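**Q** Following this line is structure36.tsv, made up of TSV, C-alpha atoms:
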```
chain	number	residue	atom	x	y	z
A	957	MET	CA	12.10	-16.68	58.79
A	958	SER	CA	12.39	-13.20	57.24
A	959	ASP	CA	16.19	-13.27	57.26
A	960	LYS	CA	16.37	-16.86	55.99
A	961	LYS	CA	16.45	-18.27	52.49
A	962	GLU	CA	13.55	-20.63	51.90
A	963	ILE	CA	13.88	-24.06	50.33
A	964	ARG	CA	10.38	-25.04	49.34
A	965	ILE	CA	9.92	-28.79	49.70
A	966	GLY	CA	7.68	-30.99	47.59
A	967	LEU	CA	7.40	-34.39	49.29
A	968	ILE	CA	6.22	-37.33	47.20
A	969	GLY	CA	5.04	-40.27	49.29
A	970	THR	CA	3.31	-40.43	52.68
A	971	GLY	CA	4.54	-43.70	54.14
A	972	LEU	CA	7.09	-44.32	56.89
A	973	MET	CA	9.89	-42.46	55.13
A	974	GLY	CA	7.61	-39.55	54.35
A	975	ARG	CA	7.00	-39.26	58.08
A	976	THR	CA	10.69	-39.46	59.04
A	977	HIS	CA	11.67	-36.85	56.46
A	978	SER	CA	8.84	-34.53	57.46
A	979	ASN	CA	9.86	-34.79	61.09
A	980	GLY	CA	13.40	-33.93	60.05
A	981	TYR	CA	12.28	-30.81	58.20
A	982	ASN	CA	10.12	-29.68	61.11
A	983	ARG	CA	12.66	-30.24	63.89
A	984	MET	CA	15.85	-28.96	62.28
A	985	ARG	CA	14.73	-25.33	62.47
A	986	ASN	CA	14.67	-25.64	66.28
A	987	PHE	CA	18.07	-27.24	66.65
A	988	PHE	CA	20.05	-25.74	63.74
A	989	PRO	CA	18.72	-22.16	63.86
A	990	GLU	CA	21.92	-20.60	62.53
A	991	LEU	CA	21.61	-22.16	59.08
A	992	GLU	CA	21.07	-19.72	56.25
A	993	TYR	CA	18.53	-21.95	54.49
A	994	MET	CA	15.33	-23.21	56.05
A	995	PRO	CA	12.82	-25.74	54.67
A	996	VAL	CA	9.26	-24.72	53.91
A	997	LEU	CA	6.82	-27.61	53.60
A	998	LYS	CA	5.10	-26.40	50.47
A	999	ALA	CA	3.41	-29.51	49.04
A	1000	VAL	CA	2.95	-33.23	49.72
A	1001	CYS	CA	1.76	-35.77	47.18
A	1002	SER	CA	0.01	-39.13	47.32
A	1003	ARG	CA	-2.52	-40.77	45.01
A	1004	ASN	CA	-5.10	-41.04	47.80
A	1005	GLU	CA	-6.55	-37.56	48.35
A	1006	GLU	CA	-8.03	-38.28	51.76
A	1007	LYS	CA	-4.80	-39.82	53.00
A	1008	VAL	CA	-2.57	-37.04	51.70
A	1009	ARG	CA	-4.81	-34.33	53.14
A	1010	LYS	CA	-4.58	-35.88	56.59
A	1011	PHE	CA	-0.83	-36.18	56.19
A	1012	ALA	CA	-0.54	-32.51	55.18
A	1013	ASP	CA	-2.59	-31.42	58.20
A	1014	GLN	CA	-0.52	-33.56	60.56
A	1015	TRP	CA	2.91	-32.49	59.35
A	1016	GLY	CA	2.22	-28.91	58.29
A	1017	TYR	CA	2.33	-28.94	54.47
A	1018	ASP	CA	0.76	-25.93	52.79
A	1019	SER	CA	-0.93	-27.86	49.98
A	1020	ILE	CA	-1.50	-31.30	48.47
A	1021	GLU	CA	-1.23	-32.96	45.09
A	1022	THR	CA	-2.36	-36.39	43.88
A	1023	ASP	CA	-0.02	-36.55	40.85
A	1024	TRP	CA	3.74	-36.26	41.37
A	1025	ARG	CA	4.08	-34.58	37.98
A	1026	ALA	CA	2.11	-31.65	39.34
A	1027	VAL	CA	4.62	-31.24	42.17
A	1028	ILE	CA	7.53	-31.08	39.75
A	1029	ALA	CA	5.69	-28.63	37.47
A	1030	ARG	CA	5.09	-26.12	40.26
A	1031	ASP	CA	7.20	-22.96	40.26
A	1032	ASP	CA	6.97	-22.75	44.05
A	1033	ILE	CA	8.87	-26.04	44.58
A	1034	ASP	CA	12.67	-25.90	44.91
A	1035	ALA	CA	13.43	-29.44	46.10
A	1036	VAL	CA	11.67	-32.73	45.39
A	1037	ASP	CA	11.86	-35.39	48.10
A	1038	ILE	CA	11.20	-38.91	46.74
A	1039	CYS	CA	9.71	-41.24	49.37
A	1040	THR	CA	7.95	-43.66	47.04
A	1041	PRO	CA	8.51	-47.37	46.24
A	1042	ASN	CA	11.73	-48.14	44.37
A	1043	ASN	CA	10.10	-48.68	40.98
A	1044	THR	CA	9.11	-45.00	40.80
A	1045	HIS	CA	12.42	-43.43	41.85
A	1046	ALA	CA	13.94	-43.24	38.38
A	1047	GLU	CA	10.96	-41.70	36.58
A	1048	ILE	CA	10.42	-39.06	39.25
A	1049	ALA	CA	14.11	-38.21	39.59
A	1050	LEU	CA	14.62	-37.88	35.83
A	1051	ALA	CA	11.65	-35.52	35.57
A	1052	ALA	CA	12.76	-33.49	38.59
A	1053	ALA	CA	16.31	-33.13	37.23
A	1054	ALA	CA	14.98	-32.03	33.85
A	1055	ALA	CA	12.93	-29.37	35.65
A	1056	GLY	CA	16.01	-28.12	37.51
A	1057	LYS	CA	14.79	-29.19	40.96
A	1058	MET	CA	17.02	-30.26	43.82
A	1059	ILE	CA	16.42	-33.92	44.65
A	1060	LEU	CA	16.47	-35.85	47.91
A	1061	CYS	CA	15.83	-39.55	47.20
A	1062	GLU	CA	15.11	-42.44	49.53
A	1063	LYS	CA	17.40	-45.45	49.38
A	1064	PRO	CA	18.16	-47.58	47.49
A	1065	LEU	CA	18.66	-45.14	44.65
A	1066	ALA	CA	16.87	-47.44	42.17
A	1067	ARG	CA	15.80	-51.00	41.44
A	1068	THR	CA	18.62	-51.69	38.99
A	1069	LEU	CA	22.05	-50.46	38.06
A	1070	ALA	CA	20.75	-49.18	34.70
A	1071	GLU	CA	18.15	-47.01	36.46
A	1072	ALA	CA	20.71	-45.71	38.93
A	1073	GLU	CA	23.15	-44.83	36.15
A	1074	ALA	CA	20.48	-42.89	34.27
A	1075	MET	CA	19.50	-41.00	37.42
A	1076	THR	CA	23.10	-40.12	38.23
A	1077	GLU	CA	23.77	-38.94	34.70
A	1078	ALA	CA	20.61	-36.81	34.80
A	1079	VAL	CA	21.47	-34.92	38.00
A	1080	GLN	CA	25.04	-34.39	36.88
A	1081	LYS	CA	23.92	-33.06	33.49
A	1082	ALA	CA	21.34	-30.78	35.11
A	1083	GLY	CA	23.76	-29.64	37.81
A	1084	VAL	CA	21.15	-29.97	40.56
A	1085	LYS	CA	21.89	-30.58	44.22
A	1086	ASN	CA	21.13	-34.14	45.24
A	1087	THR	CA	21.43	-36.53	48.16
A	1088	VAL	CA	20.24	-40.03	49.11
A	1089	TRP	CA	18.81	-40.80	52.54
A	1090	TYR	CA	21.30	-43.34	53.88
A	1091	ASN	CA	20.56	-42.00	57.34
A	1092	TYR	CA	22.72	-44.33	59.44
A	1093	ARG	CA	25.76	-42.22	58.54
A	1094	ARG	CA	24.17	-39.47	60.62
A	1095	VAL	CA	23.91	-41.54	63.81
A	1096	PRO	CA	26.44	-39.77	66.06
A	1097	ALA	CA	28.15	-43.02	67.13
A	1098	VAL	CA	28.66	-44.05	63.50
A	1099	THR	CA	29.94	-40.59	62.60
A	1100	LEU	CA	32.39	-40.84	65.51
A	1101	ALA	CA	33.54	-44.22	64.19
A	1102	LYS	CA	34.29	-42.49	60.88
A	1103	GLN	CA	36.35	-39.83	62.66
A	1104	ILE	CA	38.32	-42.44	64.60
A	1105	ILE	CA	39.06	-44.46	61.44
A	1106	ASP	CA	40.12	-41.35	59.52
A	1107	SER	CA	42.46	-40.40	62.37
A	1108	GLY	CA	44.46	-43.58	61.74
A	1109	LYS	CA	43.95	-44.97	65.24
A	1110	LEU	CA	42.93	-48.39	63.90
A	1111	GLY	CA	45.96	-48.65	61.63
A	1112	ARG	CA	45.67	-51.01	58.70
A	1113	ILE	CA	42.15	-52.46	58.43
A	1114	PHE	CA	41.88	-56.24	58.18
A	1115	HIS	CA	38.17	-57.03	58.61
A	1116	TYR	CA	34.78	-55.39	58.19
A	1117	ARG	CA	31.64	-57.32	59.11
A	1118	ALA	CA	28.01	-56.26	59.25
A	1119	ASN	CA	24.56	-57.77	59.51
A	1120	PHE	CA	20.98	-56.53	59.31
A	1121	LEU	CA	18.44	-59.02	60.65
A	1122	GLN	CA	14.64	-58.93	60.74
A	1123	ASP	CA	11.83	-61.49	61.11
A	1124	TRP	CA	8.68	-59.87	59.75
A	1125	THR	CA	8.15	-62.04	56.64
A	1126	ILE	CA	8.44	-65.51	58.14
A	1127	SER	CA	4.72	-66.26	57.88
A	1128	PRO	CA	3.62	-67.53	54.45
A	1129	ASP	CA	0.42	-65.54	54.96
A	1130	VAL	CA	2.24	-62.23	54.50
A	1131	PRO	CA	1.24	-61.05	50.99
A	1132	GLN	CA	3.42	-59.37	48.40
A	1133	GLY	CA	2.59	-56.09	46.69
A	1134	GLY	CA	0.40	-53.23	47.90
A	1135	ASP	CA	1.16	-50.26	50.14
A	1136	ALA	CA	2.48	-52.19	53.14
A	1137	THR	CA	4.29	-55.10	51.49
A	1138	TRP	CA	5.59	-53.74	48.18
A	1139	ARG	CA	9.09	-54.63	49.39
A	1140	LEU	CA	8.21	-58.28	48.75
A	1141	ASP	CA	7.21	-57.58	45.14
A	1142	VAL	CA	10.25	-57.78	42.86
A	1143	ASP	CA	8.67	-55.48	40.29
A	1144	ALA	CA	8.31	-52.72	42.88
A	1145	ALA	CA	11.41	-53.35	44.98
A	1146	GLY	CA	13.98	-54.71	42.51
A	1147	SER	CA	15.44	-57.03	45.12
A	1148	GLY	CA	14.72	-58.15	48.66
A	1149	VAL	CA	17.04	-57.80	51.63
A	1150	THR	CA	19.95	-56.92	49.35
A	1151	GLY	CA	18.50	-53.59	48.23
A	1152	ASP	CA	16.40	-52.91	51.30
A	1153	LEU	CA	18.73	-53.80	54.18
A	1154	LEU	CA	22.21	-54.66	52.91
A	1155	ALA	CA	22.26	-51.43	50.90
A	1156	HIS	CA	22.42	-49.61	54.24
A	1157	CYS	CA	25.29	-51.83	55.39
A	1158	ILE	CA	27.13	-51.40	52.08
A	1159	ASP	CA	26.81	-47.61	52.05
A	1160	THR	CA	28.10	-47.34	55.62
A	1161	ALA	CA	30.88	-49.82	54.93
A	1162	MET	CA	32.25	-47.94	51.92
A	1163	TRP	CA	31.93	-44.62	53.75
A	1164	LEU	CA	33.97	-46.02	56.64
A	1165	ASN	CA	36.35	-48.38	54.83
A	1166	GLY	CA	36.49	-47.45	51.13
A	1167	GLY	CA	35.33	-49.15	47.97
A	1168	ILE	CA	34.26	-52.78	47.67
A	1169	LYS	CA	36.17	-54.43	44.82
A	1170	ASP	CA	34.52	-57.83	44.32
A	1171	VAL	CA	31.91	-60.08	45.94
A	1172	SER	CA	30.86	-63.70	46.31
A	1173	ALA	CA	27.27	-64.19	47.45
A	1174	VAL	CA	24.48	-66.64	48.16
A	1175	THR	CA	20.79	-65.78	48.44
A	1176	GLU	CA	17.68	-67.73	49.34
A	1177	THR	CA	13.95	-67.26	48.93
A	1178	PHE	CA	12.40	-69.43	51.63
A	1179	ILE	CA	8.76	-69.00	50.66
A	1180	LYS	CA	8.48	-69.42	46.92
A	1181	GLU	CA	4.90	-68.19	46.38
A	1182	ARG	CA	2.71	-65.57	48.03
A	1183	ILE	CA	-0.66	-63.96	47.36
A	1184	HIS	CA	-0.26	-60.69	45.51
A	1185	GLN	CA	-2.41	-57.92	46.99
A	1186	GLY	CA	-2.86	-56.29	43.61
A	1187	THR	CA	-4.25	-59.32	41.79
A	1188	GLY	CA	-5.40	-61.58	44.61
A	1189	GLU	CA	-3.58	-64.42	42.87
A	1190	VAL	CA	-0.81	-66.65	44.17
A	1191	GLN	CA	2.38	-65.59	42.39
A	1192	LYS	CA	6.03	-66.56	42.43
A	1193	VAL	CA	8.18	-64.56	44.86
A	1194	GLY	CA	11.04	-62.91	43.00
A	1195	ILE	CA	12.94	-61.21	45.82
A	1196	ASP	CA	15.69	-62.59	48.08
A	1197	ASP	CA	14.61	-63.33	51.66
A	1198	ALA	CA	18.20	-63.78	52.85
A	1199	CYS	CA	21.63	-62.90	51.56
A	1200	LEU	CA	25.21	-63.64	52.62
A	1201	PHE	CA	28.27	-62.28	50.87
A	1202	HIS	CA	31.94	-61.79	51.44
A	1203	CYS	CA	34.16	-59.36	49.60
A	1204	HIS	CA	37.49	-57.62	49.14
A	1205	PHE	CA	37.79	-53.90	49.82
A	1206	ASP	CA	40.12	-51.70	47.81
A	1207	ASN	CA	42.34	-51.32	50.89
A	1208	GLY	CA	42.94	-55.09	51.04
A	1209	SER	CA	40.62	-55.81	53.95
A	1210	LEU	CA	37.99	-58.56	53.91
A	1211	GLY	CA	34.28	-57.97	54.35
A	1212	LEU	CA	31.50	-60.26	55.57
A	1213	PHE	CA	27.83	-59.25	55.28
A	1214	GLU	CA	24.58	-60.99	56.20
A	1215	SER	CA	20.95	-59.97	55.97
A	1216	THR	CA	17.69	-61.83	56.39
A	1217	ARG	CA	14.04	-61.31	57.20
A	1218	TYR	CA	13.92	-64.80	58.75
A	1219	ALA	CA	15.85	-64.25	61.99
A	1220	ARG	CA	13.19	-64.89	64.58
A	1221	GLY	CA	13.48	-62.46	67.48
A	1222	HIS	CA	15.15	-59.65	65.51
A	1223	LYS	CA	13.17	-56.63	64.33
A	1224	ALA	CA	16.05	-54.45	63.15
A	1225	LEU	CA	19.38	-55.82	64.36
A	1226	TYR	CA	22.02	-53.82	62.48
A	1227	THR	CA	25.57	-54.29	63.74
A	1228	LEU	CA	28.99	-53.56	62.36
A	1229	GLU	CA	32.53	-54.31	63.52
A	1230	ILE	CA	35.89	-53.21	62.12
A	1231	ASN	CA	39.19	-54.82	63.10
A	1232	GLY	CA	42.48	-53.01	62.52
A	1233	GLU	CA	46.09	-53.70	63.41
A	1234	HIS	CA	45.97	-51.37	66.44
A	1235	ALA	CA	42.32	-51.14	67.43
A	1236	SER	CA	38.77	-52.31	66.75
A	1237	ILE	CA	35.34	-50.67	66.69
A	1238	ARG	CA	31.84	-52.10	66.91
A	1239	TRP	CA	28.32	-50.63	66.91
A	1240	ASP	CA	24.79	-51.96	67.39
A	1241	LEU	CA	21.62	-50.14	66.27
A	1242	HIS	CA	19.80	-51.51	69.32
A	1243	ASP	CA	22.22	-49.49	71.47
A	1244	MET	CA	22.72	-46.75	68.92
A	1245	ASN	CA	24.14	-44.09	71.25
A	1246	ARG	CA	27.06	-46.30	72.23
A	1247	LEU	CA	30.30	-47.09	70.38
A	1248	GLU	CA	32.53	-49.90	71.59
A	1249	TYR	CA	36.26	-49.44	71.13
A	1250	PHE	CA	39.29	-51.66	71.80
A	1251	ASP	CA	42.80	-50.16	71.72
A	1252	HIS	CA	45.73	-52.58	71.91
A	1253	SER	CA	48.05	-49.74	73.01
A	1254	ASP	CA	46.35	-49.59	76.40
A	1255	ASP	CA	48.33	-51.02	79.31
A	1256	SER	CA	47.78	-54.76	79.45
A	1257	VAL	CA	46.35	-54.66	82.97
A	1258	VAL	CA	43.44	-52.48	81.83
A	1259	ARG	CA	43.25	-53.48	78.17
A	1260	GLY	CA	39.76	-54.41	77.01
A	1261	TRP	CA	36.69	-53.21	75.19
A	1262	ARG	CA	35.55	-49.78	76.36
A	1263	SER	CA	31.98	-48.53	75.98
A	1264	ILE	CA	31.71	-44.92	74.82
A	1265	LEU	CA	28.34	-43.28	75.45
A	1266	ILE	CA	27.81	-40.66	72.74
A	1267	THR	CA	26.12	-37.77	74.56
A	1268	ASP	CA	28.78	-35.09	75.09
A	1269	ALA	CA	28.83	-31.80	73.21
A	1270	ASP	CA	32.23	-32.48	71.61
A	1271	GLN	CA	30.92	-35.66	69.97
A	1272	PRO	CA	29.27	-35.53	66.51
A	1273	TYR	CA	25.97	-33.60	66.40
A	1274	MET	CA	25.41	-33.88	70.16
A	1275	LYS	CA	25.88	-30.18	71.00
A	1276	ARG	CA	22.54	-29.69	69.25
A	1277	TRP	CA	20.58	-31.76	71.69
A	1278	TRP	CA	20.32	-32.28	75.43
A	1279	ILE	CA	22.66	-32.62	78.40
A	1280	PRO	CA	25.53	-35.14	78.72
A	1281	GLY	CA	24.24	-38.56	79.68
A	1282	THR	CA	20.91	-38.25	77.85
A	1283	ILE	CA	20.40	-39.98	74.52
A	1284	ILE	CA	18.75	-39.34	71.18
A	1285	GLY	CA	17.02	-41.71	68.74
A	1286	TYR	CA	16.54	-43.00	65.21
A	1287	GLU	CA	14.54	-39.97	64.11
A	1288	HIS	CA	17.43	-37.61	64.85
A	1289	SER	CA	19.51	-39.09	62.04
A	1290	PHE	CA	17.00	-37.61	59.57
A	1291	VAL	CA	17.13	-34.22	61.31
A	1292	HIS	CA	20.90	-34.33	60.89
A	1293	GLN	CA	20.64	-35.16	57.19
A	1294	VAL	CA	18.22	-32.30	56.56
A	1295	ALA	CA	20.61	-29.94	58.35
A	1296	ASP	CA	23.61	-31.24	56.43
A	1297	PHE	CA	21.77	-30.86	53.13
A	1298	LEU	CA	20.79	-27.27	53.90
A	1299	ASP	CA	24.30	-26.50	55.11
A	1300	SER	CA	25.66	-27.82	51.80
A	1301	LEU	CA	23.62	-25.19	49.97
A	1302	GLU	CA	25.40	-22.53	51.98
A	1303	THR	CA	28.92	-23.96	51.72
A	1304	GLY	CA	28.70	-25.28	48.17
A	1305	LYS	CA	29.92	-28.70	49.29
A	1306	GLU	CA	28.14	-31.92	48.38
A	1307	CYS	CA	25.78	-33.55	50.84
A	1308	ASN	CA	26.99	-37.13	50.78
A	1309	PRO	CA	25.88	-39.64	49.83
A	1310	THR	CA	25.07	-38.09	46.49
A	1311	PHE	CA	23.49	-39.97	43.60
A	1312	TYR	CA	27.02	-40.82	42.45
A	1313	ASP	CA	27.86	-42.33	45.85
A	1314	ALA	CA	24.58	-44.26	45.94
A	1315	LEU	CA	25.31	-45.51	42.43
A	1316	GLN	CA	28.41	-47.23	43.83
A	1317	THR	CA	26.24	-48.98	46.42
A	1318	GLN	CA	23.90	-50.00	43.60
A	1319	LYS	CA	26.87	-51.54	41.76
A	1320	VAL	CA	27.66	-53.68	44.78
A	1321	CYS	CA	24.02	-54.76	45.18
A	1322	GLU	CA	23.81	-55.75	41.53
A	1323	ALA	CA	27.10	-57.67	41.74
A	1324	VAL	CA	25.82	-59.48	44.84
A	1325	ILE	CA	22.63	-60.64	43.09
A	1326	ASP	CA	24.60	-61.58	39.96
A	1327	SER	CA	27.12	-63.54	42.03
A	1328	ALA	CA	24.38	-65.46	43.83
A	1329	ASN	CA	22.62	-66.29	40.57
A	1330	THR	CA	25.80	-67.47	38.81
A	1331	LYS	CA	27.55	-68.95	41.87
A	1332	SER	CA	30.73	-67.06	41.07
A	1333	TRP	CA	32.88	-64.10	42.14
A	1334	LYS	CA	31.87	-60.81	40.54
A	1335	ASP	CA	33.76	-57.53	40.20
A	1336	THR	CA	31.68	-54.57	41.32
A	1337	GLY	CA	33.12	-51.84	39.12
A	1338	VAL	CA	32.94	-49.45	42.09
A	1339	LYS	CA	34.87	-46.21	41.72
A	1340	TRP	CA	34.87	-44.84	45.26
A	1341	THR	CA	36.02	-41.24	45.53
A	1342	GLU	CA	34.18	-39.90	48.59
A	1343	SER	CA	36.39	-38.82	51.47
```
Is it possible to express this structure as structure tokens?
**A**
Amino acid sequence: MSDKKEIRIGLIGTGLMGRTHSNGYNRMRNFFPELEYMPVLKAVCSRNEEKVRKFADQWGYDSIETDWRAVIARDDIDAVDICTPNNTHAEIALAAAAAGKMILCEKPLARTLAEAEAMTEAVQKAGVKNTVWYNYRRVPAVTLAKQIIDSGKLGRIFHYRANFLQDWTISPDVPQGGDATWRLDVDAAGSGVTGDLLAHCIDTAMWLNGGIKDVSAVTETFIKERIHQGTGEVQKVGIDDACLFHCHFDNGSLGLFESTRYARGHKALYTLEINGEHASIRWDLHDMNRLEYFDHSDDSVVRGWRSILITDADQPYMKRWWIPGTIIGYEHSFVHQVADFLDSLETGKECNPTFYDALQTQKVCEAVIDSANTKSWKDTGVKWTES
């Protein structure tokens, strides 16, 4: 490490995303050793001292804090990684930007468009490096899809469709609020499947296919009341359990999106398909190392969907890993994002998606909820500039 530049990380939050990010920091040094910058796990923060101490010991953090403000105030912290519930993102990010810290924020950027706009303005005013953890961009098969689309092989795009299906909230006995189920509490989450699951689909869609211009949506909350873990009382459920929307992209193509937590048998079914005039692409998270591709220019006698296994060294990210024919997993997408963020410090380029990019996703999410509530088409106001 003596010849490397250290980026001292202050992680706030010790849940699932805290684990995935920590794994990314720890593993990237083994597989991206040529990078000029290397992460140092300087501090981790959680309100529960016993919990955060165990987390620090497990993942290799030098110290702990129980107040996120203390992390931001420390002179030995260069970058603040926000892995907390959505209702805390804005306050932490605004304070970190004011302190001149780099910021890595979990998705969605915020609960509301107003919060996301304030956060974006703050990082731009402060001039601090920032990125948002929309990790599915860093799945090699999805990155390859981006390269194929950018090459023009699909020609004019006609259709983009995606879904993200789960089933973990079907039981009315699942509570809302608290550490494990804050995503069901509208005050903590901001929205339900729209911000939690469809935000992933929307970010990937605009990265692959350009800005979303307008939307028409329907949502449903199937279980209207749940016990709140914080109060022990039965309270109204304010989040969306399911969402469907269709849209127009800036390039004239049509989009169709669906998400639900009430699809029995699906734990995390995320699929996307893109249809162009010359070719089509589709991808499934359950088979994440494979990209399916159909090219109409193939001879008719052999024309059909081909299955591309993403394991070769000339495919995105794969030269970092094992031998051709062997696969990688979900956790590697976070290793890739850490590496891309550190590389951006060396090159001076942005590590997309930035707060500005995630703000565009937030605009779509807000338009979707507004459309469902008013039963009308809504313009998104998206200004998509990312290449």
**Q** Just the number, please: distance in Å from CA of Ile968 in chain A to CA of Glu1047 in chain A, one decimal.
**A**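 Value for the CA of Ile968 in chain A-CA of Glu1047 in chain A distance: 12.4 Å.
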**Q** In Å, with one decimal, what is the gap from CA of Gly1151 in chain A to CA of Thr1336 in chain A?
**A**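 Separating CA of Gly1151 in chain A from CA of Thr1336 in chain A is a distance of 14.9 Å.
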**Q** When distances are computed from all atoms listed in the file, which of A:Val1257, A:Val1294, A:Cys1307, A:Ala1029 shows the smallest separation from Arg985 in chain A?
**A**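 Nearest candidate to Arg985 in chain A out of A:Val1257, A:Val1294, A:Cys1307, A:Ala1029: A:Val1294.
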**Q** Residues within 12 Å of Thr1099 in chain A, please, as a list in words. Count all atoms listed in the file; anything in the same chain fewer than 4 positions from it doesn't count.
**A**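 Using all atoms listed in the file, the neighbours found are Asn1091, Tyr1092, Arg1093, Arg1094, Val1095, Gln1103, Ile1104, Ile1105, Asp1106, Thr1160, Trp1163, Leu1164, Trp1239, Met1244, Asn1245, Arg1246, Leu1247, Ile1266, Gln1271, Pro1272, Tyr1273, Met1274, Ser1289 and His1292 of chain A.
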**Q** Taking 3 positions as the minimum chain separation for residues in the same chain, which residues sit within 12 Å of Ala1078 in chain A when counting all atoms listed in the file? Answer as a list in words.
**A**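 Residues near the query, excluding close chain neighbours: Ala1046, Glu1047, Ile1048, Ala1049, Leu1050, Ala1051, Ala1052, Ala1053, Ala1054, Ala1055, Gly1056, Lys1057, Met1058, Ile1059, Glu1071, Ala1072, Glu1073, Ala1074, Met1075, Lys1081, Ala1082, Gly1083, Val1084, Lys1085, Asn1086, Phe1311 and Tyr1312 of chain A.
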**Q** Just give me the residues with any atom within 6 Å of (2.7, -39.2, 51.8), file coordinates, counting all atoms listed in the file, written as a ChimeraX atom specification.
**A** /A:969-971,974,1001-1002,1008
**Q** Taking (19.1, -56.3, 61.1) in the file's coordinates as the center, which residues reach within 12 Å of it, counting all atoms listed in the file, put as a count of residues only?
**A** 36
**Q** Ranking A:Gly1166, A:Gly1211, A:Gly980, A:Gly1186 by minimum distance to Arg1117 in chain A and counting only C-alpha atoms, which one comes first?
**A** A:Gly1211
**Q** Determine the nearest neighbour of Asp1268 in chain A from the options A:Leu1100, A:Ile1325, A:Val1142, A:Ala1012, counting only C-alpha atoms.
**A**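 For Asp1268 in chain A, the nearest of the given residues is A:Leu1100.
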**Q** Write out as a list of chain:residue names the residues lying within 10 Å of Ile1020 in chain A, counting only C-alpha atoms and excluding same-chain residues fewer than 3 positions away.
**A**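 In the requested format, the answer is A:Gly966, A:Leu967, A:Ile968, A:Lys998, A:Ala999, A:Val1000, A:Cys1001, A:Ser1002, A:Glu1005, A:Val1008, A:Arg1009, A:Lys1010, A:Phe1011, A:Ala1012, A:Asp1013, A:Tyr1017, A:Asp1023, A:Ala1026, A:Val1027.
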**Q** Of the candidates A:Ala1173, A:Val1079, A:Ala1314, A:Ile965, which shows the shortest atom-to-atom distance to Lys1331 in chain A, using all atoms listed in the file?
**A**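 Of A:Ala1173, A:Val1079, A:Ala1314, A:Ile965, the one nearest Lys1331 in chain A is A:Ala1173, counting all atoms listed in the file.
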**Q** Using Å and a single decimal, report how far CA of His1184 in chain A sits from CA of Gln1132 in chain A.
**A**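 Here the two named atoms are 4.9 Å from each other.
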**Q** Nearest to Leu1065 in chain A: which of A:Glu1233, A:Asp1270, A:Asp959, A:Asp1159 is it, counting all atoms listed in the file?
**A**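 Result for the nearest residue to Leu1065 in chain A: A:Asp1159.
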**Q** Have a look at A:Ile1113, A:Cys1039, A:Ala1070, A:Val1088 and name the one nearest to His1234 in chain A; count only C-alpha atoms.
**A** A:Ile1113
**Q** To test the calculation: enclose all listed atoms of range 1045-1063 of chain A in a box whose edges run along x, y and z, add 5 Å on each side, then state centre and edge lengths in Å to one decimal, as lines of an AutoDock Vina configuration file.
**A**
```
center_x = 13.9
center_y = -36.8
center_z = 41.7
size_x = 17.0
size_y = 27.3
size_z = 25.7
```
